[in-house]
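Structure file my_file_3.cif (mmCIF, C-alpha atoms) follows.
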data_my_file
#
loop_
_atom_site.group_PDB
_atom_site.id
_atom_site.type_symbol
_atom_site.label_atom_id
_atom_site.label_comp_id
_atom_site.auth_asym_id
_atom_site.auth_seq_id
_atom_site.Cartn_x
_atom_site.Cartn_y
_atom_site.Cartn_z
ATOM 1 C CA MET B 1 26.535 72.980 68.158
ATOM 2 C CA TYR B 2 23.417 72.608 66.026
ATOM 3 C CA LYS B 3 23.657 68.817 65.868
ATOM 4 C CA PHE B 4 23.187 68.630 69.649
ATOM 5 C CA VAL B 5 20.343 71.137 69.627
ATOM 6 C CA PHE B 6 18.566 69.286 66.813
ATOM 7 C CA GLY B 7 19.346 65.931 68.437
ATOM 8 C CA ILE B 8 17.685 66.950 71.704
ATOM 9 C CA GLY B 9 14.823 68.526 69.796
ATOM 10 C CA GLY B 10 14.306 65.360 67.751
ATOM 11 C CA PHE B 11 14.209 63.227 70.891
ATOM 12 C CA LEU B 12 11.681 65.509 72.589
ATOM 13 C CA LEU B 13 9.547 65.755 69.455
ATOM 14 C CA PHE B 14 9.413 62.057 68.522
ATOM 15 C CA LYS B 15 10.011 60.613 72.012
ATOM 16 C CA SER B 16 12.477 58.078 70.617
ATOM 17 C CA ILE B 17 16.156 57.460 69.883
ATOM 18 C CA TRP B 18 15.328 57.524 66.155
ATOM 19 C CA GLY B 19 14.065 61.057 66.523
ATOM 20 C CA ALA B 20 17.306 62.016 68.227
ATOM 21 C CA MET B 21 19.357 60.422 65.415
ATOM 22 C CA LEU B 22 17.354 62.268 62.789
ATOM 23 C CA GLY B 23 17.937 65.498 64.677
ATOM 24 C CA LEU B 24 21.680 64.819 64.813
ATOM 25 C CA ILE B 25 21.789 64.265 61.049
ATOM 26 C CA VAL B 26 19.916 67.492 60.314
ATOM 27 C CA GLY B 27 21.970 69.431 62.871
ATOM 28 C CA SER B 28 25.241 68.135 61.396
ATOM 29 C CA ALA B 29 24.160 69.343 57.956
ATOM 30 C CA VAL B 30 23.429 72.780 59.406
ATOM 31 C CA ASP B 31 26.826 72.815 61.140
ATOM 32 C CA ASN B 32 28.603 71.893 57.906
ATOM 33 C CA TYR B 33 26.809 74.627 55.999
ATOM 34 C CA GLN B 34 27.660 77.148 58.710
ATOM 35 C CA ARG B 35 31.344 76.175 58.555
ATOM 36 C CA LEU B 36 31.274 76.572 54.790
ATOM 37 C CA MET B 37 29.824 80.058 55.078
ATOM 38 C CA ASP B 38 32.321 80.982 57.805
ATOM 39 C CA GLY B 39 35.135 79.728 55.606
ATOM 40 C CA ALA B 40 33.908 81.796 52.674
ATOM 41 C CA ARG B 41 33.727 84.880 54.876
ATOM 42 C CA ALA B 42 37.188 84.166 56.276
ATOM 43 C CA GLN B 43 38.599 83.802 52.773
ATOM 44 C CA SER B 44 37.133 87.132 51.777
ATOM 45 C CA GLY B 45 38.429 88.866 54.934
ATOM 46 C CA GLY B 46 35.356 91.079 55.008
ATOM 47 C CA ARG B 47 36.002 92.338 51.475
ATOM 48 C CA ARG B 48 34.113 91.632 48.280
ATOM 49 C CA MET B 49 35.173 88.231 47.028
ATOM 50 C CA SER B 50 37.528 87.993 44.053
ATOM 51 C CA ALA B 51 36.909 85.943 40.892
ATOM 52 C CA GLU B 52 39.062 83.147 42.319
ATOM 53 C CA ASP B 53 37.119 83.211 45.614
ATOM 54 C CA MET B 54 33.849 83.126 43.680
ATOM 55 C CA PHE B 55 34.872 80.162 41.544
ATOM 56 C CA ARG B 56 35.847 78.191 44.673
ATOM 57 C CA TYR B 57 32.493 79.141 46.158
ATOM 58 C CA TYR B 58 30.771 78.011 42.925
ATOM 59 C CA GLN B 59 32.625 74.682 42.954
ATOM 60 C CA GLN B 60 31.719 74.053 46.591
ATOM 61 C CA HIS B 61 28.045 74.631 45.870
ATOM 62 C CA SER B 62 27.567 73.098 42.425
ATOM 63 C CA THR B 63 27.404 69.412 41.596
ATOM 64 C CA SER B 64 26.339 67.553 38.479
ATOM 65 C CA SER B 65 22.780 67.602 39.838
ATOM 66 C CA ASP B 66 22.764 71.170 41.156
ATOM 67 C CA VAL B 67 21.675 73.054 38.052
ATOM 68 C CA PRO B 68 20.281 75.986 40.118
ATOM 69 C CA THR B 69 23.761 77.026 41.298
ATOM 70 C CA MET B 70 25.030 77.058 37.708
ATOM 71 C CA LEU B 71 22.109 79.207 36.600
ATOM 72 C CA MET B 72 22.452 81.578 39.554
ATOM 73 C CA ALA B 73 25.955 82.513 38.377
ATOM 74 C CA LEU B 74 24.733 83.251 34.828
ATOM 75 C CA SER B 75 21.662 85.063 36.166
ATOM 76 C CA ALA B 76 23.805 87.375 38.288
ATOM 77 C CA ALA B 77 26.055 88.211 35.318
ATOM 78 C CA VAL B 78 23.052 89.355 33.252
ATOM 79 C CA MET B 79 21.388 91.170 36.163
ATOM 80 C CA LYS B 80 24.598 93.163 36.814
ATOM 81 C CA ALA B 81 25.223 93.917 33.124
ATOM 82 C CA ASP B 82 23.588 97.358 32.982
ATOM 83 C CA GLY B 83 24.815 98.445 36.410
ATOM 84 C CA LYS B 84 21.510 98.042 38.244
ATOM 85 C CA VAL B 85 19.711 95.022 39.651
ATOM 86 C CA LEU B 86 15.955 95.481 39.317
ATOM 87 C CA LYS B 87 13.138 93.918 41.312
ATOM 88 C CA SER B 88 11.474 92.823 38.059
ATOM 89 C CA GLU B 89 14.590 90.807 37.190
ATOM 90 C CA LEU B 90 14.700 89.209 40.641
ATOM 91 C CA ASN B 91 11.006 88.323 40.410
ATOM 92 C CA TYR B 92 11.582 86.733 36.995
ATOM 93 C CA VAL B 93 14.425 84.594 38.356
ATOM 94 C CA LYS B 94 12.406 83.527 41.419
ATOM 95 C CA SER B 95 9.382 82.661 39.274
ATOM 96 C CA PHE B 96 11.487 80.623 36.846
ATOM 97 C CA PHE B 97 13.257 78.682 39.587
ATOM 98 C CA THR B 98 10.066 78.036 41.536
ATOM 99 C CA GLN B 99 8.363 76.570 38.470
ATOM 100 C CA GLN B 100 11.442 74.745 37.199
ATOM 101 C CA PHE B 101 12.856 73.209 40.364
ATOM 102 C CA GLY B 102 9.962 73.251 42.835
ATOM 103 C CA PRO B 103 11.033 71.969 46.294
ATOM 104 C CA GLN B 104 14.690 71.860 45.210
ATOM 105 C CA PHE B 105 14.677 75.661 45.007
ATOM 106 C CA SER B 106 15.234 77.257 48.401
ATOM 107 C CA GLY B 107 16.361 80.354 50.238
ATOM 108 C CA GLN B 108 19.878 78.941 50.097
ATOM 109 C CA HIS B 109 19.875 79.357 46.310
ATOM 110 C CA LEU B 110 18.798 82.978 46.700
ATOM 111 C CA GLN B 111 21.719 83.463 49.073
ATOM 112 C CA THR B 112 23.958 82.005 46.365
ATOM 113 C CA LEU B 113 22.517 84.501 43.876
ATOM 114 C CA LYS B 114 23.171 87.346 46.318
ATOM 115 C CA ARG B 115 26.758 86.186 46.782
ATOM 116 C CA PHE B 116 27.335 86.353 43.024
ATOM 117 C CA LEU B 117 25.586 89.735 42.777
ATOM 118 C CA ASP B 118 27.762 91.148 45.570
ATOM 119 C CA SER B 119 31.031 89.814 44.158
ATOM 120 C CA SER B 120 33.495 92.173 42.528
ATOM 121 C CA GLU B 121 33.941 89.792 39.607
ATOM 122 C CA ILE B 122 32.116 86.653 38.442
ATOM 123 C CA PRO B 123 34.468 84.022 36.905
ATOM 124 C CA ILE B 124 32.046 83.566 34.039
ATOM 125 C CA GLN B 125 34.524 81.947 31.629
ATOM 126 C CA ARG B 126 35.403 79.124 34.034
ATOM 127 C CA ILE B 127 31.780 78.614 35.026
ATOM 128 C CA CYS B 128 30.700 78.448 31.368
ATOM 129 C CA ASN B 129 33.439 75.908 30.674
ATOM 130 C CA ASP B 130 32.054 73.807 33.525
ATOM 131 C CA ILE B 131 28.473 74.089 32.237
ATOM 132 C CA LYS B 132 29.632 73.265 28.700
ATOM 133 C CA MET B 133 31.047 69.946 29.932
ATOM 134 C CA ARG B 134 27.905 69.050 31.891
ATOM 135 C CA MET B 135 25.072 70.079 29.572
ATOM 136 C CA GLN B 136 24.024 68.993 26.085
ATOM 137 C CA PRO B 137 24.072 71.603 23.250
ATOM 138 C CA ALA B 138 20.273 71.835 23.030
ATOM 139 C CA VAL B 139 20.018 72.633 26.742
ATOM 140 C CA ARG B 140 22.847 75.207 26.564
ATOM 141 C CA THR B 141 21.035 76.925 23.718
ATOM 142 C CA GLN B 142 17.823 76.959 25.743
ATOM 143 C CA LEU B 143 19.692 78.720 28.567
ATOM 144 C CA LEU B 144 19.985 81.790 26.331
ATOM 145 C CA HIS B 145 16.199 81.992 26.167
ATOM 146 C CA TYR B 146 16.126 82.148 29.968
ATOM 147 C CA LEU B 147 18.888 84.794 30.132
ATOM 148 C CA PHE B 148 17.148 86.990 27.573
ATOM 149 C CA GLY B 149 14.000 86.595 29.678
ATOM 150 C CA ILE B 150 15.853 88.186 32.608
ATOM 151 C CA ALA B 151 17.063 91.036 30.402
ATOM 152 C CA LYS B 152 13.533 91.612 29.075
ATOM 153 C CA ALA B 153 11.925 91.507 32.538
ATOM 154 C CA ASP B 154 11.919 95.313 32.791
ATOM 155 C CA GLY B 155 10.457 95.652 29.275
ATOM 156 C CA ASP B 156 13.723 96.552 27.542
ATOM 157 C CA VAL B 157 16.880 94.681 26.545
ATOM 158 C CA SER B 158 19.902 97.002 26.814
ATOM 159 C CA ASP B 159 23.043 96.815 24.685
ATOM 160 C CA ALA B 160 25.060 95.954 27.803
ATOM 161 C CA GLU B 161 22.791 92.983 28.517
ATOM 162 C CA ILE B 162 23.018 91.803 24.920
ATOM 163 C CA ASN B 163 26.824 91.953 25.085
ATOM 164 C CA VAL B 164 26.952 89.904 28.289
ATOM 165 C CA ILE B 165 24.559 87.266 26.944
ATOM 166 C CA GLN B 166 26.485 87.087 23.666
ATOM 167 C CA ASN B 167 29.732 86.528 25.575
ATOM 168 C CA ILE B 168 28.060 83.785 27.618
ATOM 169 C CA SER B 169 26.719 82.264 24.400
ATOM 170 C CA ASN B 170 30.205 82.185 22.893
ATOM 171 C CA MET B 171 31.678 80.657 26.057
ATOM 172 C CA LEU B 172 28.966 77.985 26.093
ATOM 173 C CA GLY B 173 29.768 77.074 22.501
ATOM 174 C CA VAL B 174 26.360 78.085 21.122
ATOM 175 C CA ALA B 175 26.360 78.794 17.376
ATOM 176 C CA SER B 176 26.194 82.495 16.488
ATOM 177 C CA SER B 177 23.180 81.838 14.232
ATOM 178 C CA ASP B 178 21.308 80.316 17.189
ATOM 179 C CA PHE B 179 22.219 83.297 19.366
ATOM 180 C CA GLU B 180 20.938 85.746 16.739
ATOM 181 C CA SER B 181 17.748 83.729 16.372
ATOM 182 C CA ILE B 182 16.950 83.869 20.097
ATOM 183 C CA LYS B 183 18.053 87.514 20.355
ATOM 184 C CA ALA B 184 15.569 88.447 17.618
ATOM 185 C CA MET B 185 12.732 87.099 19.757
ATOM 186 C CA PHE B 186 13.457 89.635 22.497
ATOM 187 C CA TYR B 187 15.132 92.477 20.597
ATOM 188 C CA ARG B 188 13.155 93.133 17.441
ATOM 189 C CA ASP B 189 13.887 95.203 14.353
ATOM 190 C CA VAL B 190 12.617 95.166 10.747
ATOM 191 C CA ASP B 191 14.612 92.017 9.956
ATOM 192 C CA SER B 192 13.714 90.093 13.119
ATOM 193 C CA ASP B 193 11.534 87.513 11.361
ATOM 194 C CA TYR B 194 14.401 86.632 9.037
ATOM 195 C CA LYS B 195 16.904 86.563 11.895
ATOM 196 C CA ILE B 196 14.700 84.151 13.834
ATOM 197 C CA LEU B 197 14.951 81.786 10.866
ATOM 198 C CA GLY B 198 18.695 82.410 10.646
ATOM 199 C CA ILE B 199 18.643 83.967 7.152
ATOM 200 C CA SER B 200 18.796 87.421 5.547
ATOM 201 C CA SER B 201 15.940 89.319 3.944
ATOM 202 C CA THR B 202 17.519 88.666 0.523
ATOM 203 C CA ALA B 203 16.935 84.906 0.796
ATOM 204 C CA SER B 204 14.836 83.290 -1.925
ATOM 205 C CA ASP B 205 11.447 81.715 -1.194
ATOM 206 C CA ASP B 206 13.006 78.240 -1.393
ATOM 207 C CA GLU B 207 15.725 79.290 1.056
ATOM 208 C CA VAL B 208 13.062 80.620 3.427
ATOM 209 C CA LYS B 209 11.213 77.289 3.340
ATOM 210 C CA LYS B 210 14.418 75.319 3.842
ATOM 211 C CA ALA B 211 15.469 77.534 6.767
ATOM 212 C CA TYR B 212 12.067 77.124 8.410
ATOM 213 C CA ARG B 213 12.191 73.329 8.164
ATOM 214 C CA LYS B 214 15.733 73.307 9.585
ATOM 215 C CA MET B 215 14.845 75.559 12.525
ATOM 216 C CA ALA B 216 11.607 73.692 13.252
ATOM 217 C CA VAL B 217 13.558 70.439 13.614
ATOM 218 C CA LYS B 218 16.476 71.989 15.502
ATOM 219 C CA PHE B 219 14.360 73.783 18.111
ATOM 220 C CA HIS B 220 11.532 71.312 18.511
ATOM 221 C CA PRO B 221 10.464 71.123 22.197
ATOM 222 C CA ASP B 222 11.240 67.400 22.211
ATOM 223 C CA LYS B 223 14.929 68.356 22.202
ATOM 224 C CA VAL B 224 14.681 69.371 25.867
ATOM 225 C CA GLU B 225 11.999 66.936 27.003
ATOM 226 C CA GLN B 226 14.342 65.642 29.738
ATOM 227 C CA MET B 227 14.346 69.063 31.401
ATOM 228 C CA GLY B 228 11.681 70.607 33.635
ATOM 229 C CA ALA B 229 8.401 72.338 32.847
ATOM 230 C CA GLU B 230 9.878 75.834 32.576
ATOM 231 C CA TYR B 231 12.450 74.697 29.994
ATOM 232 C CA GLN B 232 9.612 73.058 28.070
ATOM 233 C CA LYS B 233 7.643 76.294 28.245
ATOM 234 C CA GLY B 234 10.570 78.304 26.851
ATOM 235 C CA ALA B 235 11.149 75.761 24.077
ATOM 236 C CA LYS B 236 7.491 75.874 23.065
ATOM 237 C CA GLU B 237 7.560 79.682 23.008
ATOM 238 C CA LYS B 238 10.609 79.651 20.746
ATOM 239 C CA PHE B 239 9.066 77.028 18.464
ATOM 240 C CA GLN B 240 5.903 79.147 18.203
ATOM 241 C CA LYS B 241 7.909 82.272 17.340
ATOM 242 C CA ILE B 242 9.676 80.352 14.571
ATOM 243 C CA GLN B 243 6.259 79.426 13.194
ATOM 244 C CA ASP B 244 4.975 83.009 13.572
ATOM 245 C CA SER B 245 8.013 84.446 11.783
ATOM 246 C CA TYR B 246 7.645 81.988 8.919
ATOM 247 C CA ASP B 247 3.933 82.804 8.575
ATOM 248 C CA ALA B 248 4.695 86.551 8.598
ATOM 249 C CA ILE B 249 7.328 86.202 5.853
ATOM 250 C CA LYS B 250 5.007 84.029 3.757
ATOM 251 C CA LYS B 251 2.219 86.580 4.075
ATOM 252 C CA ARG B 252 4.550 89.475 3.261
ATOM 253 C CA ARG B 253 5.865 87.684 0.165
ATOM 254 C CA GLY B 254 2.615 86.090 -0.904
ATOM 255 C CA MET B 255 4.162 82.619 -0.593
ATOM 256 C CA LYS B 256 2.032 79.474 -0.700
#

I need this file expressed as structure tokens, please.
Amino acid sequence: MYKFVFGIGGFLLFKSIWGAMLGLIVGSAVDNYQRLMDGARAQSGGRRMSAEDMFRYYQQHSTSSDVPTMLMALSAAVMKADGKVLKSELNYVKSFFTQQFGPQFSGQHLQTLKRFLDSSEIPIQRICNDIKMRMQPAVRTQLLHYLFGIAKADGDVSDAEINVIQNISNMLGVASSDFESIKAMFYRDVDSDYKILGISSTASDDEVKKAYRKMAVKFHPDKVEQMGAEYQKGAKEKFQKIQDSYDAIKKRRGMK
């Protein structure tokens, strides 16, 4: 239906057959999307979609170039972790996606997020397996920084949120030491500076220096230079926190 409406509209707007053809193309895309949504609703039968339904929905919407759909699934898992979806979390996600993807981010992606939030179960294991095959280790690690940002959006990271992010980290194949390092940036305790460097407070001064050099190389922003501005921003923040933690330990110990 829409292809004819858009076709006529294109002809009237541009006063040419090319305008009509453009309208037909746009209208056909709208028709296809509408059929996809109708099919998803038909599959669900008016009920909340199952994990299997959600994974089919995810597959239909995600491609090798559609990183937003992948992240929407992970975002929803973290947002649902503590049993309440907060406006501060939604604002964080929208801000990140707007800065990261620009024109590629649209209301359709927000509808995808809503679909995951409304689902009875998110097939997170299968989605993480898919992401693991498509993304390099450095980028997968950087995803944790984004997920912890969602959890911290309301000013507090709950145990439930930490558990969900840790499970995602494991499924993505991120090293436990890297997870603990990023966690320490958002969930601080007396040993956070050491955890950020991936060592214990009993480490020697030489071990502290060695750990700092290792982390500085591993998490250098250049590792994700192929990604967008928001990934770069997160990488730079992490790199700075590694430097801050090292400086704090040196000062505390009187190291040169």

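Of the residues under consideration (B:Gly234, B:Gly102, B:Pro137, B:Gly107), B:Gly234 shows the shortest atom-to-atom contact distance to Pro221 of chain B when counting only C-alpha atoms.
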
Do you know which residues the PyMOL selection byres ((chain B and resi 183) around 12) returns on this file, as a PDB file with C-alpha atoms, in the frame of the given file?
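Output below, filename expr.pdb:
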ATOM      1  CA  THR B 141      21.035  76.925  23.718  1.00  0.00           C
ATOM      2  CA  GLN B 142      17.823  76.959  25.743  1.00  0.00           C
ATOM      3  CA  LEU B 144      19.985  81.790  26.331  1.00  0.00           C
ATOM      4  CA  HIS B 145      16.199  81.992  26.167  1.00  0.00           C
ATOM      5  CA  TYR B 146      16.126  82.148  29.968  1.00  0.00           C
ATOM      6  CA  LEU B 147      18.888  84.794  30.132  1.00  0.00           C
ATOM      7  CA  PHE B 148      17.148  86.990  27.573  1.00  0.00           C
ATOM      8  CA  GLY B 149      14.000  86.595  29.678  1.00  0.00           C
ATOM      9  CA  ALA B 151      17.063  91.036  30.402  1.00  0.00           C
ATOM     10  CA  LYS B 152      13.533  91.612  29.075  1.00  0.00           C
ATOM     11  CA  VAL B 157      16.880  94.681  26.545  1.00  0.00           C
ATOM     12  CA  SER B 158      19.902  97.002  26.814  1.00  0.00           C
ATOM     13  CA  ASP B 159      23.043  96.815  24.685  1.00  0.00           C
ATOM     14  CA  GLU B 161      22.791  92.983  28.517  1.00  0.00           C
ATOM     15  CA  ILE B 162      23.018  91.803  24.920  1.00  0.00           C
ATOM     16  CA  ASN B 163      26.824  91.953  25.085  1.00  0.00           C
ATOM     17  CA  ILE B 165      24.559  87.266  26.944  1.00  0.00           C
ATOM     18  CA  GLN B 166      26.485  87.087  23.666  1.00  0.00           C
ATOM     19  CA  SER B 169      26.719  82.264  24.400  1.00  0.00           C
ATOM     20  CA  SER B 176      26.194  82.495  16.488  1.00  0.00           C
ATOM     21  CA  SER B 177      23.180  81.838  14.232  1.00  0.00           C
ATOM     22  CA  ASP B 178      21.308  80.316  17.189  1.00  0.00           C
ATOM     23  CA  PHE B 179      22.219  83.297  19.366  1.00  0.00           C
ATOM     24  CA  GLU B 180      20.938  85.746  16.739  1.00  0.00           C
ATOM     25  CA  SER B 181      17.748  83.729  16.372  1.00  0.00           C
ATOM     26  CA  ILE B 182      16.950  83.869  20.097  1.00  0.00           C
ATOM     27  CA  ALA B 184      15.569  88.447  17.618  1.00  0.00           C
ATOM     28  CA  MET B 185      12.732  87.099  19.757  1.00  0.00           C
ATOM     29  CA  PHE B 186      13.457  89.635  22.497  1.00  0.00           C
ATOM     30  CA  TYR B 187      15.132  92.477  20.597  1.00  0.00           C
ATOM     31  CA  ARG B 188      13.155  93.133  17.441  1.00  0.00           C
ATOM     32  CA  ASP B 189      13.887  95.203  14.353  1.00  0.00           C
ATOM     33  CA  ASP B 191      14.612  92.017   9.956  1.00  0.00           C
ATOM     34  CA  SER B 192      13.714  90.093  13.119  1.00  0.00           C
ATOM     35  CA  ASP B 193      11.534  87.513  11.361  1.00  0.00           C
ATOM     36  CA  TYR B 194      14.401  86.632   9.037  1.00  0.00           C
ATOM     37  CA  LYS B 195      16.904  86.563  11.895  1.00  0.00           C
ATOM     38  CA  ILE B 196      14.700  84.151  13.834  1.00  0.00           C
ATOM     39  CA  LEU B 197      14.951  81.786  10.866  1.00  0.00           C
ATOM     40  CA  GLY B 198      18.695  82.410  10.646  1.00  0.00           C
ATOM     41  CA  LYS B 238      10.609  79.651  20.746  1.00  0.00           C
ATOM     42  CA  LYS B 241       7.909  82.272  17.340  1.00  0.00           C
TER      43      LYS B 241
END

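Between Asn170 of chain B and the residues B:Arg253, B:Arg140, B:Arg115, B:Lys209, the shortest atom-to-atom distance, using all atoms listed in the file, involves B:Arg140.
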
Problem - For Leu74 of chain B, the nearest of the candidates B:Leu143, B:Glu89, B:Gln240, B:Lys250, counting all atoms listed in the file - result: B:Leu143

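Each of B:Met54, B:Ala248, B:Met171, B:Cys128 was checked against Leu113 of chain B using only C-alpha atoms; the smallest atom-to-atom distance is that of B:Met54.
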